[in-house]
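Inspection log for the structure reproduced underneath, given as structure tokens.
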Amino acid sequence: MKTISVFFLLLYAKWTVEASINTEGFERGEVSFQCSHSFATKNHKYFCKDPCTANTDILATVKSGERVKSERIILVDLGNGVFTVTFSQLQLSDSGRYWCAVDRPGFDTFTAVYLTVKEAVTTPAIPELSPTWTIISNSTQSTPGMDTSMVTNVTSAPNSTSGVEQNINTGTVWSSLSTRRLPTQNCAHQHLCPQQLNVA
């Protein structure tokens with residue numbers, strides 16, 4: 001008698017709990033998986049969070065051959081005992097155990113689902129480089145003590161000599177004038193002193 005009781009207990013355990021499902025995803029992403037149950041073509045299916053012992057634990061319920069959406073969860077029944085679960089907009093707090101279940105007379109059957117939500121990996125943004133323009137202006141800078149009254153800018157110009165073209169490149173030619181003053185004689189009378197001469 002004890003052997004028969006153990007046999008029925010094992011059969012009941014196999015009937016009510018199917019193989020488990022392990023799935024993982026990243027936060028703000030989604031996961032999708034299928035739950036398969038034997039002899040459940042016309043039965044209603046539902047998806048619930050652990051411990052799945054009360055109606056408040058049920059997240060979504062779907063009829064055979066239909067599709068239903070409940071907040072972040074979508075259930076699609078394929079009509080052959082298999083239904084698809086899509087869990088979107090995942091959060092780190094969603095990690096844990098859930099159950100795919102089939103509504104049956106007497107005892108429902110369940111498949112455990114272990115969901116792991118990982119932290120999203122963000123890639124640092126590369127700053128966009130804008131082109132840099134450098135403006136070079138031809139400015140004339142005077143040197144202290146230099147007379148810049150005569151400044152000649154000579155540009156490059158082709159010069160043909162004996163049939164051979166030459167390019168003469170010159171820069172800025174500075175012309176500096178210095179002033180020298182002759183020594184002044186000591187004269188008793190200014191009109192007898194020689195005139196001061198400016199020599200270039």
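Ordering of the structure tokens sets the chain letters (A, B, ...); residue numbers start at 1 within each chain; ligands are numbered from 1 in the order shown.
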
Extract the full set of strand (DSSP E) residues from stretch 50-135 of chain A according to DSSP on the backbone, and format it as a PDB file with N, CA, C and O atoms, in the first residue's frame.
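After the write, selection_7.pdb holds the following:
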ATOM      1  N   ILE A  58      -1.147  36.594 -10.031  1.00  0.00           N
ATOM      2  CA  ILE A  58      -1.287  36.364 -11.470  1.00  0.00           C
ATOM      3  C   ILE A  58      -1.066  37.674 -12.222  1.00  0.00           C
ATOM      4  O   ILE A  58      -1.720  38.687 -11.954  1.00  0.00           O
ATOM      5  N   LEU A  59      -0.128  37.663 -13.185  1.00  0.00           N
ATOM      6  CA  LEU A  59       0.214  38.858 -13.955  1.00  0.00           C
ATOM      7  C   LEU A  59      -0.571  38.963 -15.254  1.00  0.00           C
ATOM      8  O   LEU A  59      -0.868  40.070 -15.715  1.00  0.00           O
ATOM      9  N   ALA A  60      -0.908  37.827 -15.871  1.00  0.00           N
ATOM     10  CA  ALA A  60      -1.678  37.839 -17.129  1.00  0.00           C
ATOM     11  C   ALA A  60      -2.271  36.461 -17.354  1.00  0.00           C
ATOM     12  O   ALA A  60      -1.673  35.435 -16.988  1.00  0.00           O
ATOM     13  N   THR A  61      -3.460  36.443 -18.000  1.00  0.00           N
ATOM     14  CA  THR A  61      -4.152  35.190 -18.324  1.00  0.00           C
ATOM     15  C   THR A  61      -4.595  35.239 -19.775  1.00  0.00           C
ATOM     16  O   THR A  61      -5.059  36.279 -20.254  1.00  0.00           O
ATOM     17  N   VAL A  62      -4.444  34.115 -20.482  1.00  0.00           N
ATOM     18  CA  VAL A  62      -4.796  34.070 -21.900  1.00  0.00           C
ATOM     19  C   VAL A  62      -5.636  32.824 -22.186  1.00  0.00           C
ATOM     20  O   VAL A  62      -5.420  31.766 -21.583  1.00  0.00           O
ATOM     21  N   ARG A  67      -4.410  36.193 -27.825  1.00  0.00           N
ATOM     22  CA  ARG A  67      -3.270  37.017 -27.420  1.00  0.00           C
ATOM     23  C   ARG A  67      -3.769  38.071 -26.440  1.00  0.00           C
ATOM     24  O   ARG A  67      -4.822  38.678 -26.643  1.00  0.00           O
ATOM     25  N   VAL A  68      -3.012  38.308 -25.389  1.00  0.00           N
ATOM     26  CA  VAL A  68      -3.421  39.282 -24.393  1.00  0.00           C
ATOM     27  C   VAL A  68      -2.192  40.045 -23.907  1.00  0.00           C
ATOM     28  O   VAL A  68      -1.084  39.488 -23.844  1.00  0.00           O
ATOM     29  N   LYS A  69      -2.412  41.322 -23.603  1.00  0.00           N
ATOM     30  CA  LYS A  69      -1.335  42.148 -23.053  1.00  0.00           C
ATOM     31  C   LYS A  69      -1.794  42.726 -21.729  1.00  0.00           C
ATOM     32  O   LYS A  69      -2.890  43.267 -21.617  1.00  0.00           O
ATOM     33  N   SER A  70      -0.921  42.622 -20.727  1.00  0.00           N
ATOM     34  CA  SER A  70      -1.203  43.164 -19.405  1.00  0.00           C
ATOM     35  C   SER A  70       0.033  43.917 -18.923  1.00  0.00           C
ATOM     36  O   SER A  70       1.033  43.282 -18.532  1.00  0.00           O
ATOM     37  N   ILE A  73       3.626  42.696 -19.912  1.00  0.00           N
ATOM     38  CA  ILE A  73       3.651  41.268 -20.244  1.00  0.00           C
ATOM     39  C   ILE A  73       2.658  40.969 -21.360  1.00  0.00           C
ATOM     40  O   ILE A  73       1.514  41.433 -21.330  1.00  0.00           O
ATOM     41  N   ILE A  74       3.119  40.177 -22.342  1.00  0.00           N
ATOM     42  CA  ILE A  74       2.265  39.740 -23.453  1.00  0.00           C
ATOM     43  C   ILE A  74       2.258  38.213 -23.477  1.00  0.00           C
ATOM     44  O   ILE A  74       3.327  37.575 -23.465  1.00  0.00           O
ATOM     45  N   LEU A  75       1.076  37.624 -23.509  1.00  0.00           N
ATOM     46  CA  LEU A  75       0.920  36.174 -23.636  1.00  0.00           C
ATOM     47  C   LEU A  75       0.262  35.862 -24.976  1.00  0.00           C
ATOM     48  O   LEU A  75      -0.739  36.489 -25.344  1.00  0.00           O
ATOM     49  N   VAL A  76       0.823  34.897 -25.679  1.00  0.00           N
ATOM     50  CA  VAL A  76       0.258  34.452 -26.961  1.00  0.00           C
ATOM     51  C   VAL A  76       0.095  32.937 -26.895  1.00  0.00           C
ATOM     52  O   VAL A  76       1.095  32.199 -26.806  1.00  0.00           O
ATOM     53  N   ASP A  77      -1.156  32.467 -26.949  1.00  0.00           N
ATOM     54  CA  ASP A  77      -1.434  31.031 -26.916  1.00  0.00           C
ATOM     55  C   ASP A  77      -1.460  30.506 -28.350  1.00  0.00           C
ATOM     56  O   ASP A  77      -2.204  31.012 -29.196  1.00  0.00           O
ATOM     57  N   VAL A  82       1.154  25.201 -26.117  1.00  0.00           N
ATOM     58  CA  VAL A  82       2.325  26.055 -25.965  1.00  0.00           C
ATOM     59  C   VAL A  82       1.871  27.517 -25.988  1.00  0.00           C
ATOM     60  O   VAL A  82       1.048  27.912 -26.814  1.00  0.00           O
ATOM     61  N   PHE A  83       2.419  28.314 -25.083  1.00  0.00           N
ATOM     62  CA  PHE A  83       2.161  29.755 -25.137  1.00  0.00           C
ATOM     63  C   PHE A  83       3.464  30.516 -24.910  1.00  0.00           C
ATOM     64  O   PHE A  83       4.368  30.056 -24.208  1.00  0.00           O
ATOM     65  N   THR A  84       3.549  31.677 -25.557  1.00  0.00           N
ATOM     66  CA  THR A  84       4.753  32.510 -25.517  1.00  0.00           C
ATOM     67  C   THR A  84       4.561  33.641 -24.523  1.00  0.00           C
ATOM     68  O   THR A  84       3.505  34.275 -24.490  1.00  0.00           O
ATOM     69  N   VAL A  85       5.606  33.906 -23.745  1.00  0.00           N
ATOM     70  CA  VAL A  85       5.603  34.997 -22.771  1.00  0.00           C
ATOM     71  C   VAL A  85       6.661  36.018 -23.191  1.00  0.00           C
ATOM     72  O   VAL A  85       7.816  35.649 -23.435  1.00  0.00           O
ATOM     73  N   THR A  86       6.261  37.273 -23.280  1.00  0.00           N
ATOM     74  CA  THR A  86       7.191  38.364 -23.562  1.00  0.00           C
ATOM     75  C   THR A  86       7.125  39.356 -22.414  1.00  0.00           C
ATOM     76  O   THR A  86       6.054  39.899 -22.108  1.00  0.00           O
ATOM     77  N   PHE A  87       8.264  39.576 -21.791  1.00  0.00           N
ATOM     78  CA  PHE A  87       8.374  40.468 -20.626  1.00  0.00           C
ATOM     79  C   PHE A  87       9.236  41.645 -21.082  1.00  0.00           C
ATOM     80  O   PHE A  87      10.425  41.489 -21.348  1.00  0.00           O
ATOM     81  N   GLY A  96      13.965  37.149 -10.439  1.00  0.00           N
ATOM     82  CA  GLY A  96      13.338  36.247  -9.474  1.00  0.00           C
ATOM     83  C   GLY A  96      12.677  35.069 -10.160  1.00  0.00           C
ATOM     84  O   GLY A  96      12.916  34.788 -11.341  1.00  0.00           O
ATOM     85  N   ARG A  97      11.822  34.377  -9.429  1.00  0.00           N
ATOM     86  CA  ARG A  97      11.148  33.191  -9.953  1.00  0.00           C
ATOM     87  C   ARG A  97       9.700  33.508 -10.299  1.00  0.00           C
ATOM     88  O   ARG A  97       8.985  34.181  -9.546  1.00  0.00           O
ATOM     89  N   TYR A  98       9.297  33.007 -11.469  1.00  0.00           N
ATOM     90  CA  TYR A  98       7.921  33.146 -11.943  1.00  0.00           C
ATOM     91  C   TYR A  98       7.414  31.758 -12.323  1.00  0.00           C
ATOM     92  O   TYR A  98       8.160  30.777 -12.309  1.00  0.00           O
ATOM     93  N   TRP A  99       6.120  31.711 -12.702  1.00  0.00           N
ATOM     94  CA  TRP A  99       5.519  30.428 -13.047  1.00  0.00           C
ATOM     95  C   TRP A  99       4.642  30.574 -14.288  1.00  0.00           C
ATOM     96  O   TRP A  99       3.844  31.494 -14.386  1.00  0.00           O
ATOM     97  N   CYS A 100       4.850  29.643 -15.245  1.00  0.00           N
ATOM     98  CA  CYS A 100       3.889  29.453 -16.334  1.00  0.00           C
ATOM     99  C   CYS A 100       2.910  28.381 -15.852  1.00  0.00           C
ATOM    100  O   CYS A 100       3.341  27.305 -15.409  1.00  0.00           O
ATOM    101  N   ALA A 101       1.633  28.650 -15.966  1.00  0.00           N
ATOM    102  CA  ALA A 101       0.654  27.719 -15.385  1.00  0.00           C
ATOM    103  C   ALA A 101      -0.494  27.451 -16.358  1.00  0.00           C
ATOM    104  O   ALA A 101      -0.809  28.271 -17.231  1.00  0.00           O
ATOM    105  N   VAL A 102      -1.099  26.289 -16.187  1.00  0.00           N
ATOM    106  CA  VAL A 102      -2.262  25.887 -16.973  1.00  0.00           C
ATOM    107  C   VAL A 102      -3.404  25.620 -16.015  1.00  0.00           C
ATOM    108  O   VAL A 102      -3.248  24.890 -15.021  1.00  0.00           O
ATOM    109  N   THR A 109      -1.111  22.840 -13.471  1.00  0.00           N
ATOM    110  CA  THR A 109       0.277  22.444 -13.725  1.00  0.00           C
ATOM    111  C   THR A 109       1.128  23.696 -13.905  1.00  0.00           C
ATOM    112  O   THR A 109       0.666  24.715 -14.430  1.00  0.00           O
ATOM    113  N   PHE A 110       2.378  23.578 -13.483  1.00  0.00           N
ATOM    114  CA  PHE A 110       3.254  24.757 -13.449  1.00  0.00           C
ATOM    115  C   PHE A 110       4.622  24.452 -14.062  1.00  0.00           C
ATOM    116  O   PHE A 110       5.109  23.324 -13.993  1.00  0.00           O
ATOM    117  N   THR A 111       5.220  25.483 -14.631  1.00  0.00           N
ATOM    118  CA  THR A 111       6.607  25.440 -15.088  1.00  0.00           C
ATOM    119  C   THR A 111       7.330  26.620 -14.453  1.00  0.00           C
ATOM    120  O   THR A 111       6.923  27.785 -14.631  1.00  0.00           O
ATOM    121  N   ALA A 112       8.403  26.347 -13.724  1.00  0.00           N
ATOM    122  CA  ALA A 112       9.145  27.411 -13.054  1.00  0.00           C
ATOM    123  C   ALA A 112       9.988  28.179 -14.070  1.00  0.00           C
ATOM    124  O   ALA A 112      10.612  27.597 -14.966  1.00  0.00           O
ATOM    125  N   VAL A 113       9.992  29.490 -13.914  1.00  0.00           N
ATOM    126  CA  VAL A 113      10.781  30.379 -14.784  1.00  0.00           C
ATOM    127  C   VAL A 113      11.694  31.215 -13.893  1.00  0.00           C
ATOM    128  O   VAL A 113      11.210  31.943 -13.019  1.00  0.00           O
ATOM    129  N   TYR A 114      12.990  31.122 -14.131  1.00  0.00           N
ATOM    130  CA  TYR A 114      13.965  31.904 -13.360  1.00  0.00           C
ATOM    131  C   TYR A 114      14.494  33.031 -14.247  1.00  0.00           C
ATOM    132  O   TYR A 114      15.189  32.785 -15.238  1.00  0.00           O
ATOM    133  N   LEU A 115      14.150  34.229 -13.873  1.00  0.00           N
ATOM    134  CA  LEU A 115      14.510  35.411 -14.662  1.00  0.00           C
ATOM    135  C   LEU A 115      15.639  36.178 -13.973  1.00  0.00           C
ATOM    136  O   LEU A 115      15.565  36.464 -12.773  1.00  0.00           O
ATOM    137  N   THR A 116      16.658  36.504 -14.751  1.00  0.00           N
ATOM    138  CA  THR A 116      17.774  37.308 -14.258  1.00  0.00           C
ATOM    139  C   THR A 116      17.889  38.563 -15.118  1.00  0.00           C
ATOM    140  O   THR A 116      18.026  38.463 -16.345  1.00  0.00           O
ATOM    141  N   VAL A 117      17.799  39.718 -14.477  1.00  0.00           N
ATOM    142  CA  VAL A 117      17.912  40.994 -15.191  1.00  0.00           C
ATOM    143  C   VAL A 117      19.247  41.625 -14.818  1.00  0.00           C
ATOM    144  O   VAL A 117      19.542  41.836 -13.640  1.00  0.00           O
ATOM    145  N   LYS A 118      20.058  41.888 -15.836  1.00  0.00           N
ATOM    146  CA  LYS A 118      21.383  42.477 -15.627  1.00  0.00           C
ATOM    147  C   LYS A 118      21.348  43.979 -15.881  1.00  0.00           C
ATOM    148  O   LYS A 118      20.487  44.471 -16.614  1.00  0.00           O
TER     149      LYS A 118
END

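Of the listed residues A:Val31, A:Ile126, A:Ile21, A:Ala40, the one whose atoms come nearest to A:Leu90 is A:Val31, with distances taken using only C-alpha atoms.
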
- Query: Taking only C-alpha atoms into account, which of A:Asn55, A:Gly29, A:Asn22, A:Ala125 comes nearest A:Ser88?
  - Reply: A:Gly29

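With distances taken over only C-alpha atoms, A:Asn43 is the one residue among A:Asn43, A:Ser20, A:Ser36, A:Thr123 lying closest to A:Asp103.
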
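Between atom CA of A:Pro51 and atom CA of A:Asn80 the interatomic distance comes to 26.4 Å.
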